[in-house]
$ cat entry-v7.cif   # mmCIF, C-alpha atoms
data_start
#
loop_
_atom_site.label_atom_id
_atom_site.label_comp_id
_atom_site.auth_asym_id
_atom_site.auth_seq_id
_atom_site.Cartn_x
_atom_site.Cartn_y
_atom_site.Cartn_z
CA MET A 27 -5.50 -57.80 6.94
CA LYS A 28 -2.76 -55.41 5.82
CA LYS A 29 -1.82 -57.75 2.98
CA ASN A 30 -5.21 -57.16 1.36
CA PHE A 31 -4.31 -53.52 0.84
CA ASN A 32 -0.84 -54.18 -0.58
CA PRO A 33 -1.96 -54.41 -4.26
CA VAL A 34 -3.94 -51.17 -3.92
CA ILE A 35 -1.02 -49.39 -2.24
CA ASN A 36 1.36 -50.68 -4.90
CA VAL A 37 -0.93 -49.44 -7.68
CA ILE A 38 -1.13 -45.98 -6.02
CA LYS A 39 2.64 -45.83 -5.63
CA LYS A 40 3.14 -46.90 -9.24
CA TRP A 41 0.62 -44.27 -10.38
CA ASN A 42 2.34 -41.52 -8.39
CA SER A 43 5.74 -42.52 -9.74
CA ILE A 44 4.59 -41.64 -13.27
CA SER A 45 5.20 -38.08 -14.44
CA LEU A 46 2.20 -35.81 -13.79
CA ILE A 47 2.25 -34.64 -17.41
CA LYS A 48 2.03 -38.24 -18.65
CA ARG A 49 -0.87 -38.89 -16.28
CA ILE A 50 -2.63 -35.75 -17.53
CA ILE A 51 -2.20 -36.92 -21.13
CA CYS A 52 -3.77 -40.26 -20.14
CA GLY A 53 -6.70 -38.40 -18.59
CA LEU A 54 -7.03 -36.31 -21.74
CA ILE A 55 -7.13 -39.36 -24.00
CA VAL A 56 -9.58 -41.28 -21.80
CA GLY A 57 -11.83 -38.22 -21.44
CA THR A 58 -11.92 -37.71 -25.21
CA ILE A 59 -12.77 -41.36 -25.85
CA LEU A 60 -15.52 -41.36 -23.23
CA GLY A 61 -16.92 -38.06 -24.54
CA LEU A 62 -17.28 -39.54 -28.02
CA ALA A 63 -18.34 -43.06 -26.97
CA VAL A 64 -20.70 -42.43 -24.04
CA PRO A 65 -21.68 -38.72 -24.08
CA GLN A 66 -24.80 -39.53 -22.05
CA ALA A 67 -22.69 -40.57 -19.02
CA SER A 68 -22.89 -37.07 -17.55
CA ALA A 69 -21.80 -38.26 -14.09
CA ILE A 70 -18.21 -38.26 -15.38
CA SER A 71 -18.35 -34.45 -15.54
CA ILE A 72 -18.34 -34.27 -11.75
CA LEU A 73 -14.63 -35.15 -11.77
CA GLY A 74 -13.85 -31.92 -13.60
CA ASN A 75 -16.20 -29.87 -11.46
CA LEU A 76 -14.65 -31.22 -8.27
CA PHE A 77 -11.10 -30.56 -9.47
CA VAL A 78 -11.73 -26.96 -10.55
CA GLY A 79 -13.85 -26.34 -7.45
CA ALA A 80 -11.07 -27.59 -5.19
CA LEU A 81 -8.47 -25.41 -6.89
CA ARG A 82 -10.69 -22.33 -6.71
CA GLY A 83 -11.50 -23.10 -3.09
CA VAL A 84 -7.93 -23.41 -1.87
CA ALA A 85 -6.33 -20.69 -4.03
CA PRO A 86 -7.63 -17.65 -2.07
CA LEU A 87 -6.37 -19.10 1.23
CA LEU A 88 -3.04 -20.04 -0.32
CA VAL A 89 -2.48 -16.54 -1.70
CA PHE A 90 -3.58 -14.79 1.50
CA PHE A 91 -1.43 -16.77 3.93
CA LEU A 92 1.55 -17.21 1.60
CA VAL A 93 1.86 -13.48 0.87
CA MET A 94 1.25 -12.51 4.49
CA SER A 95 3.81 -15.02 5.77
CA ALA A 96 6.42 -14.05 3.17
CA LEU A 97 6.14 -10.32 3.90
CA SER A 98 6.07 -10.73 7.68
CA GLN A 99 9.38 -12.61 7.55
CA MET A 100 11.04 -10.44 4.90
CA ARG A 101 14.33 -9.04 6.14
CA LYS A 102 15.11 -5.35 5.89
CA GLY A 103 16.66 -4.58 2.50
CA GLN A 104 15.61 -7.96 1.05
CA LYS A 105 15.36 -7.70 -2.72
CA THR A 106 12.33 -8.47 -4.88
CA ASN A 107 11.76 -7.83 -8.58
CA MET A 108 8.13 -6.73 -8.51
CA THR A 109 8.63 -3.43 -10.36
CA PHE A 110 10.23 -5.13 -13.34
CA ILE A 111 7.66 -7.95 -13.30
CA VAL A 112 4.76 -5.47 -13.48
CA MET A 113 6.54 -3.74 -16.39
CA LEU A 114 6.81 -7.12 -18.15
CA TYR A 115 3.13 -7.82 -17.54
CA MET A 116 2.08 -4.54 -19.15
CA LEU A 117 4.58 -4.94 -22.00
CA GLY A 118 3.28 -8.46 -22.64
CA ASN A 119 -0.31 -7.21 -22.89
CA LEU A 120 0.73 -4.48 -25.34
CA LEU A 121 2.81 -6.82 -27.54
CA ALA A 122 -0.04 -9.34 -27.63
CA ALA A 123 -2.54 -6.67 -28.68
CA LEU A 124 -0.17 -5.43 -31.39
CA SER A 125 0.30 -9.01 -32.66
CA ALA A 126 -3.48 -9.45 -32.85
CA VAL A 127 -3.90 -6.22 -34.83
CA LEU A 128 -1.22 -7.24 -37.33
CA ALA A 129 -2.75 -10.72 -37.68
CA SER A 130 -6.19 -9.20 -38.29
CA TYR A 131 -4.77 -6.98 -41.04
CA ILE A 132 -3.06 -9.94 -42.71
CA PHE A 133 -6.03 -12.30 -42.29
CA PRO A 134 -9.20 -10.16 -42.25
CA ILE A 135 -12.16 -11.94 -40.69
CA THR A 136 -15.92 -11.52 -41.06
CA LEU A 137 -18.35 -12.88 -38.49
CA THR A 138 -21.67 -14.67 -38.74
CA PHE A 139 -23.60 -13.53 -35.73
CA SER A 140 -25.56 -16.14 -33.80
CA LYS A 141 -29.03 -14.98 -32.75
CA ASN A 142 -29.42 -18.02 -30.51
CA THR A 143 -26.73 -16.97 -28.06
CA ASN A 144 -28.22 -15.44 -24.91
CA THR A 145 -26.33 -12.30 -23.91
CA ALA A 146 -29.24 -10.49 -22.25
CA ASP A 147 -27.86 -10.90 -18.73
CA ILE A 148 -24.35 -9.68 -19.59
CA ALA A 149 -23.45 -6.16 -18.47
CA PRO A 150 -20.10 -5.09 -19.98
CA PRO A 151 -18.21 -2.08 -18.58
CA SER A 152 -18.96 1.27 -20.19
CA GLY A 153 -15.36 2.44 -20.52
CA VAL A 154 -11.75 2.13 -19.43
CA THR A 155 -12.51 4.41 -16.48
CA GLU A 156 -15.08 1.93 -15.19
CA VAL A 157 -12.62 -0.96 -15.62
CA LEU A 158 -9.91 0.88 -13.65
CA THR A 159 -12.44 2.05 -11.04
CA ASN A 160 -13.55 -1.54 -10.51
CA LEU A 161 -9.93 -2.57 -10.04
CA LEU A 162 -9.34 0.14 -7.43
CA MET A 163 -12.55 -0.71 -5.60
CA ASN A 164 -11.44 -4.33 -5.48
CA VAL A 165 -8.28 -3.19 -3.70
CA VAL A 166 -10.28 -1.75 -0.79
CA ASP A 167 -12.82 -4.58 -0.65
CA ASN A 168 -13.66 -6.07 2.76
CA PRO A 169 -10.98 -8.74 3.37
CA VAL A 170 -13.52 -11.40 4.37
CA ASN A 171 -15.64 -10.59 1.33
CA ALA A 172 -12.51 -10.72 -0.86
CA LEU A 173 -11.72 -14.23 0.39
CA VAL A 174 -15.30 -15.45 -0.03
CA ASN A 175 -15.64 -14.05 -3.57
CA ALA A 176 -12.05 -14.86 -4.64
CA ASN A 177 -11.26 -11.20 -5.31
CA TYR A 178 -7.51 -11.65 -5.74
CA ILE A 179 -6.70 -7.96 -5.97
CA GLY A 180 -8.39 -7.43 -2.60
CA ILE A 181 -6.82 -10.57 -1.14
CA LEU A 182 -3.39 -9.47 -2.31
CA ALA A 183 -3.84 -5.92 -0.98
CA TRP A 184 -4.90 -7.04 2.50
CA ALA A 185 -2.25 -9.76 2.64
CA VAL A 186 0.40 -7.11 1.85
CA ILE A 187 -0.98 -4.72 4.49
CA LEU A 188 -1.21 -7.38 7.21
CA GLY A 189 2.11 -8.95 6.22
CA LEU A 190 3.92 -5.62 6.58
CA ALA A 191 2.11 -4.93 9.85
CA LEU A 192 3.21 -8.33 11.20
CA LYS A 193 6.90 -7.73 10.49
CA LYS A 194 7.26 -6.62 14.12
CA ALA A 195 5.30 -9.59 15.46
CA GLY A 196 6.93 -12.23 17.65
CA ASP A 197 8.71 -15.27 16.26
CA GLY A 198 5.89 -17.53 17.46
CA THR A 199 3.30 -15.63 15.39
CA LYS A 200 5.53 -15.72 12.32
CA ARG A 201 6.14 -19.45 12.72
CA ALA A 202 2.40 -20.03 13.02
CA LEU A 203 1.80 -18.15 9.76
CA GLU A 204 4.55 -20.13 8.05
CA ASN A 205 3.11 -23.42 9.32
CA ILE A 206 -0.36 -22.51 8.05
CA SER A 207 0.95 -21.53 4.62
CA ASP A 208 2.99 -24.76 4.46
CA ALA A 209 -0.08 -26.81 5.38
CA ILE A 210 -2.18 -25.13 2.68
CA ALA A 211 0.65 -25.68 0.17
CA THR A 212 0.64 -29.39 1.05
CA ALA A 213 -3.11 -29.53 0.49
CA VAL A 214 -2.55 -27.89 -2.90
CA LYS A 215 -0.08 -30.63 -3.84
CA TRP A 216 -2.69 -33.25 -3.05
CA ILE A 217 -5.26 -31.46 -5.21
CA VAL A 218 -2.85 -30.99 -8.13
CA ASN A 219 -2.02 -34.69 -7.93
CA CYS A 220 -5.67 -35.34 -8.86
CA ALA A 221 -5.31 -33.28 -12.07
CA PRO A 222 -5.48 -36.31 -14.44
CA PHE A 223 -8.96 -37.24 -13.15
CA GLY A 224 -10.09 -33.61 -13.14
CA ILE A 225 -8.96 -33.07 -16.71
CA LEU A 226 -10.62 -36.33 -17.73
CA GLY A 227 -13.91 -34.89 -16.47
CA LEU A 228 -13.32 -31.47 -18.07
CA ILE A 229 -12.49 -32.79 -21.53
CA PHE A 230 -15.40 -35.26 -21.33
CA THR A 231 -17.76 -32.34 -20.62
CA THR A 232 -16.43 -30.34 -23.57
CA ILE A 233 -16.57 -33.20 -26.06
CA SER A 234 -19.95 -34.58 -24.93
CA GLU A 235 -21.68 -31.18 -24.87
CA GLN A 236 -20.05 -29.37 -27.80
CA GLY A 237 -18.95 -32.20 -30.07
CA LEU A 238 -16.18 -31.83 -32.63
CA ASN A 239 -18.20 -30.24 -35.43
CA VAL A 240 -19.65 -27.18 -33.69
CA LEU A 241 -16.45 -25.20 -34.28
CA LEU A 242 -16.11 -25.76 -38.03
CA ASP A 243 -18.25 -22.74 -38.94
CA TYR A 244 -15.85 -20.49 -37.06
CA GLY A 245 -12.66 -22.19 -38.21
CA MET A 246 -10.96 -19.08 -39.64
CA LEU A 247 -11.66 -17.02 -36.54
CA ILE A 248 -10.31 -19.78 -34.31
CA LEU A 249 -7.20 -20.16 -36.48
CA VAL A 250 -6.42 -16.43 -36.24
CA LEU A 251 -7.04 -16.34 -32.47
CA VAL A 252 -5.07 -19.48 -31.69
CA GLY A 253 -2.37 -18.67 -34.27
CA THR A 254 -1.81 -15.24 -32.75
CA MET A 255 -1.62 -16.69 -29.25
CA LEU A 256 0.90 -19.26 -30.47
CA PHE A 257 2.91 -16.45 -32.07
CA VAL A 258 2.98 -14.61 -28.73
CA ALA A 259 3.87 -17.79 -26.83
CA LEU A 260 6.55 -19.07 -29.21
CA ILE A 261 7.99 -15.86 -30.73
CA MET A 262 7.26 -12.80 -28.59
CA ASN A 263 7.68 -14.44 -25.19
CA PRO A 264 10.97 -16.16 -26.14
CA LEU A 265 12.23 -12.81 -27.46
CA VAL A 266 11.43 -11.11 -24.13
CA THR A 267 12.98 -14.05 -22.27
CA PHE A 268 16.17 -13.88 -24.32
CA ILE A 269 16.52 -10.13 -23.69
CA CYS A 270 16.20 -10.78 -19.96
CA THR A 271 18.38 -13.90 -19.64
CA ARG A 272 20.70 -13.61 -22.68
CA LYS A 273 20.46 -17.38 -23.04
CA ASN A 274 18.42 -19.88 -25.06
CA PRO A 275 14.86 -18.99 -24.00
CA PHE A 276 13.02 -22.05 -25.27
CA PRO A 277 13.76 -24.53 -22.43
CA LEU A 278 12.25 -22.09 -19.93
CA VAL A 279 9.36 -21.17 -22.25
CA PHE A 280 8.49 -24.83 -22.89
CA THR A 281 8.79 -25.67 -19.18
CA CYS A 282 6.22 -22.98 -18.36
CA LEU A 283 3.91 -24.07 -21.18
CA LYS A 284 4.18 -27.73 -20.18
CA ASP A 285 3.87 -27.43 -16.41
CA SER A 286 1.48 -24.45 -16.25
CA GLY A 287 -0.13 -24.05 -19.66
CA ILE A 288 -1.54 -27.58 -19.90
CA THR A 289 -3.48 -27.45 -16.64
CA ALA A 290 -4.62 -23.87 -17.36
CA PHE A 291 -5.85 -24.99 -20.79
CA PHE A 292 -8.33 -27.35 -19.16
CA THR A 293 -9.28 -25.41 -16.03
CA ARG A 294 -9.81 -22.25 -18.17
CA SER A 295 -9.14 -20.10 -15.11
CA SER A 296 -5.97 -18.18 -14.27
CA ALA A 297 -7.19 -17.93 -10.69
CA ALA A 298 -7.66 -21.70 -10.39
CA ASN A 299 -4.16 -22.21 -11.80
CA ILE A 300 -2.46 -20.07 -9.11
CA PRO A 301 -1.51 -23.12 -6.96
CA VAL A 302 -0.01 -24.86 -9.99
CA ASN A 303 2.04 -21.78 -10.87
CA MET A 304 3.31 -21.38 -7.32
CA GLU A 305 4.49 -24.99 -7.34
CA LEU A 306 6.26 -24.41 -10.67
CA CYS A 307 7.99 -21.29 -9.34
CA LYS A 308 9.22 -23.34 -6.39
CA LYS A 309 10.45 -26.03 -8.80
CA LEU A 310 12.38 -23.36 -10.74
CA GLY A 311 14.02 -22.20 -7.52
CA LEU A 312 12.55 -18.70 -7.65
CA SER A 313 12.28 -16.42 -4.62
CA GLU A 314 9.08 -17.08 -2.71
CA ASP A 315 9.08 -13.45 -1.54
CA THR A 316 8.58 -12.46 -5.18
CA TYR A 317 6.36 -15.15 -6.67
CA ALA A 318 4.02 -15.16 -3.68
CA ILE A 319 2.97 -11.70 -4.89
CA SER A 320 3.66 -11.79 -8.64
CA ILE A 321 1.64 -14.96 -9.39
CA PRO A 322 -1.71 -13.86 -7.90
CA LEU A 323 -1.14 -10.37 -9.33
CA GLY A 324 -0.41 -11.88 -12.76
CA ALA A 325 -3.63 -13.92 -12.60
CA THR A 326 -5.46 -10.59 -12.60
CA VAL A 327 -3.44 -8.15 -14.73
CA ASN A 328 -1.18 -10.29 -16.95
CA MET A 329 -3.66 -11.05 -19.73
CA ALA A 330 -1.84 -11.32 -23.06
CA GLY A 331 -4.38 -13.85 -24.31
CA ALA A 332 -7.24 -11.53 -23.35
CA ALA A 333 -5.56 -8.68 -25.26
CA VAL A 334 -5.44 -10.93 -28.34
CA THR A 335 -9.11 -11.87 -27.99
CA ILE A 336 -10.33 -8.30 -27.43
CA SER A 337 -8.34 -6.86 -30.37
CA THR A 338 -9.17 -9.67 -32.81
CA MET A 339 -12.89 -9.74 -32.07
CA ALA A 340 -13.24 -5.94 -32.22
CA LEU A 341 -11.46 -5.75 -35.58
CA ALA A 342 -13.49 -8.69 -36.89
CA ALA A 343 -16.69 -6.82 -35.96
CA ALA A 344 -15.42 -3.68 -37.69
CA ASN A 345 -14.49 -5.65 -40.81
CA THR A 346 -17.90 -7.37 -40.86
CA LEU A 347 -19.65 -3.99 -40.76
CA GLY A 348 -17.34 -2.49 -43.43
CA ILE A 349 -15.69 -0.04 -41.00
CA GLN A 350 -12.23 1.03 -42.16
CA VAL A 351 -9.72 1.09 -39.31
CA ASP A 352 -6.65 3.26 -39.92
CA PHE A 353 -3.25 2.49 -38.43
CA LEU A 354 -3.44 5.20 -35.73
CA THR A 355 -6.80 3.92 -34.53
CA ALA A 356 -5.36 0.41 -34.50
CA ILE A 357 -2.53 1.61 -32.24
CA ILE A 358 -5.07 3.20 -29.91
CA LEU A 359 -6.90 -0.14 -29.93
CA CYS A 360 -3.66 -1.87 -28.85
CA VAL A 361 -3.31 0.43 -25.84
CA LEU A 362 -7.01 0.12 -25.00
CA SER A 363 -6.88 -3.68 -25.28
CA ALA A 364 -3.76 -3.87 -23.11
CA LEU A 365 -5.36 -1.74 -20.39
CA SER A 366 -8.70 -3.52 -20.66
CA ALA A 367 -7.03 -6.93 -20.55
CA ALA A 368 -5.49 -5.99 -17.21
CA GLY A 369 -9.04 -5.63 -15.92
CA ALA A 370 -10.26 -8.94 -17.33
CA SER A 371 -11.46 -11.35 -14.69
CA GLY A 372 -9.22 -14.32 -13.90
CA VAL A 373 -12.04 -16.76 -14.62
CA ALA A 374 -13.32 -18.50 -17.73
CA GLY A 375 -14.70 -16.10 -20.33
CA GLY A 376 -13.60 -12.95 -18.51
CA SER A 377 -12.12 -11.24 -21.59
CA LEU A 378 -15.33 -11.56 -23.64
CA LEU A 379 -17.11 -9.00 -21.48
CA LEU A 380 -14.58 -6.37 -22.54
CA ILE A 381 -15.16 -6.78 -26.29
CA PRO A 382 -17.94 -4.13 -26.34
CA LEU A 383 -15.49 -1.71 -24.77
CA ALA A 384 -13.10 -2.11 -27.71
CA CYS A 385 -15.97 -2.09 -30.22
CA SER A 386 -17.08 1.30 -28.90
CA LEU A 387 -13.80 2.72 -30.24
CA PHE A 388 -15.17 2.13 -33.77
CA GLY A 389 -18.66 3.40 -32.98
CA ILE A 390 -20.16 -0.09 -33.07
CA PRO A 391 -23.49 -0.06 -31.15
CA ASN A 392 -23.79 -2.19 -28.04
CA ASP A 393 -26.44 -4.55 -29.45
CA ILE A 394 -24.10 -5.61 -32.26
CA ALA A 395 -21.11 -5.72 -29.90
CA MET A 396 -23.04 -8.13 -27.70
CA GLN A 397 -23.58 -10.38 -30.72
CA VAL A 398 -19.80 -10.42 -31.08
CA VAL A 399 -19.65 -11.52 -27.45
CA GLY A 400 -22.10 -14.29 -28.39
CA VAL A 401 -19.73 -15.48 -31.13
CA GLY A 402 -16.97 -15.37 -28.53
CA PHE A 403 -18.89 -17.74 -26.28
CA ILE A 404 -19.31 -20.18 -29.17
CA VAL A 405 -15.58 -20.29 -30.03
CA GLY A 406 -14.72 -20.06 -26.33
CA VAL A 407 -14.40 -23.83 -26.16
CA ILE A 408 -10.99 -23.43 -27.80
CA GLN A 409 -10.30 -19.68 -27.56
CA ASP A 410 -10.71 -19.41 -23.79
CA SER A 411 -8.64 -22.52 -23.14
CA CYS A 412 -5.74 -21.27 -25.29
CA GLU A 413 -6.08 -17.76 -23.85
CA THR A 414 -5.86 -19.01 -20.26
CA ALA A 415 -2.92 -21.28 -21.09
CA LEU A 416 -1.03 -18.29 -22.51
CA ASN A 417 -1.98 -15.99 -19.65
CA SER A 418 -1.15 -18.38 -16.84
CA SER A 419 2.10 -19.77 -18.25
CA THR A 420 3.31 -16.22 -18.88
CA ASP A 421 2.76 -15.38 -15.20
CA VAL A 422 5.52 -17.84 -14.30
CA LEU A 423 7.64 -17.00 -17.33
CA TYR A 424 7.83 -13.28 -16.59
CA THR A 425 8.40 -13.90 -12.88
CA ALA A 426 11.32 -16.14 -13.83
CA CYS A 427 12.60 -13.67 -16.42
CA ALA A 428 12.76 -10.90 -13.85
CA GLU A 429 14.69 -12.98 -11.34
CA PHE A 430 17.04 -14.57 -13.88
CA ARG A 431 17.78 -11.10 -15.28
CA ASP A 432 18.61 -9.90 -11.78
CA ARG A 433 20.82 -12.95 -11.20
CA ARG A 434 22.65 -12.16 -14.42
CA LYS A 435 23.19 -8.50 -13.54
CA HIS A 436 23.86 -8.97 -9.81
CA PRO A 437 25.28 -12.48 -9.31
CA GLU A 438 26.94 -11.45 -6.05
CA LEU A 439 23.53 -11.06 -4.40
CA TYR A 440 22.76 -14.73 -5.07
CA THR A 441 26.13 -16.42 -4.68
CA ALA A 442 26.35 -14.90 -1.22
CA ASN A 443 23.43 -17.12 -0.23
CA ALA A 444 24.33 -20.28 -2.12
CA PRO A 445 21.49 -22.84 -2.08
CA SER A 446 21.80 -26.17 -0.36
CA GLY A 447 19.67 -29.29 0.02
CA GLU A 448 16.29 -29.00 -1.66
CA ASN A 449 17.05 -25.46 -2.85
CA GLN A 450 20.17 -26.75 -4.55
CA GLY A 451 18.01 -29.07 -6.62
CA GLN A 452 15.74 -26.17 -7.48
CA SER A 453 18.74 -24.13 -8.52
CA GLU A 454 19.76 -26.91 -10.92
CA VAL A 455 16.28 -26.79 -12.46
CA TYR A 456 16.80 -23.08 -13.01
CA ALA A 457 20.17 -23.71 -14.63
CA ASN A 458 18.69 -26.33 -16.96
CA SER A 459 15.76 -24.06 -17.86
CA VAL A 460 17.95 -21.27 -19.22
CA LYS A 461 20.80 -23.37 -20.55
#
$ encode --input "entry-v7.cif" --output "structure tokens"
Amino acid sequence: MKKNFNPVINVIKKWNSISLIKRIICGLIVGTILGLAVPQASAISILGNLFVGALRGVAPLLVFFLVMSALSQMRKGQKTNMTFIVMLYMLGNLLAALSAVLASYIFPITLTFSKNTNTADIAPPSGVTEVLTNLLMNVVDNPVNALVNANYIGILAWAVILGLALKKAGDGTKRALENISDAIATAVKWIVNCAPFGILGLIFTTISEQGLNVLLDYGMLILVLVGTMLFVALIMNPLVTFICTRKNPFPLVFTCLKDSGITAFFTRSSAANIPVNMELCKKLGLSEDTYAISIPLGATVNMAGAAVTISTMALAAANTLGIQVDFLTAIILCVLSALSAAGASGVAGGSLLLIPLACSLFGIPNDIAMQVVGVGFIVGVIQDSCETALNSSTDVLYTACAEFRDRRKHPELYTANAPSGENQGQSEVYANSVK
């Protein structure tokens, strides 16, 4: 009887032996072909829905228990790099907004508003104060409600509070927390291993519903948005990485784009990509005490792609209406976009709701600003995917930059605890990434 299952088992083993990236590319190709050939086969879309749903379902639990376990077992005086990481997150948002402003000056864009886009149910925030107030209220959200609604700021806050409170707990309690977090991490690995099928379903949905021609009317806008994001990913981020590591930044940058950016591109959710980023941080040999906090925090406040979208769309609206934007106002827009981006939701389309906030800086009325949001939803097929890929990959990149910078400046703190076994392999990955 067992022999009947041998071919199936062999196929599964052979499939798992192939690089995950290669399997994802296969899923991408098959999904595109099916989307063009049999767009009516809507049942295929369930693969994408199941994959994203599973990631979103497990991510809140992973963050909660991982952070709580890491903090409860943190030794007195143990070093993390959170202050520098938060500084990098804010700097990244500001540099991205500045890049978008410069790109909009070089390539001015006018918009054709779509009256068919329904934005009646969208309620954008009225100002930066409301954005920051919402963030602070999320911090004190009911912990159960935070887990149910995937409020990662609230999850992170309560995990930190409980983790610190459990530092004096017994060894048995700490081991139980560690075992739970390890079990959830194992479940995450199983889910991530299904990424090729999930991405097949996601790309099928996009191609079958939107087609390839719907984006041609907004080609210039898409080129500016995507071009600016590529500039941030391939020029600005490597520059920041080089300053931190003083070594060739591109191996690390490309590793983050390949292992994090690709899955984020298709899930279109920084929150859903948290498990993938945590696995990448582990692969790079980074400190779990740091990335257990920095990755979920980055999924909420590290929004370089959102800063690009907000700035570009607001300036495009101003240009369409013939509003002249002077350099000082553009600088204010950069700061506003950077702050607003930190309040963008970690789900698909979150940055679009903040466009009216930036438009208000130029006196653009809300009804027109909401039409700009409508244009954003149309180009969101590409814009939101690229934005999320930039946001999520940069979460890992800046976490790595902070630790590699600290290793460069204080090597004695790391050589004193030389890695062995599995951690030794992770350390070699780190060495290769910044070679």
$ atom_distance --input "entry-v7.cif" --atom1 "atom CA of Asn417 of chain A" --atom2 "atom CA of Leu228 of chain A"
19.3 Å
$ resolve_selection --input "entry-v7.cif" --expression "the PyMOL selection byres ((chain A and resi 223) around 8)" --output "VMD selection string"
chain A and resid 50 53 73 to 74 77 220 to 222 224 to 227
$ residues_near_point --input "entry-v7.cif" --point "(-2.0, -9.4, -9.0)" --cutoff "12 Å" --atoms "only C-alpha atoms" --output "PyMOL selection string"
chain A and resi 89-90+93+108+111-112+115-116+161+164-165+177-183+185-186+296-297+300+316-329+368-372+418+421+425
$ resolve_selection --input "entry-v7.cif" --expression "the PyMOL selection byres ((chain A and resi 254) around 9)" --output "PyMOL selection string"
chain A and resi 122+125-126+129+249-253+255-259+331+334
$ residues_around --input "entry-v7.cif" --residues "Val56 of chain A" --least-positions-apart "4" --cutoff "9 Å" --atoms "only C-alpha atoms" --output "list in words"
Ile51, Cys52, Leu60, Gly61, Leu226, Ile229 and Phe230 of chain A
$ atom_distance --input "entry-v7.cif" --atom1 "atom CA of Glu314 of chain A" --atom2 "atom CA of Leu114 of chain A"
18.5 Å
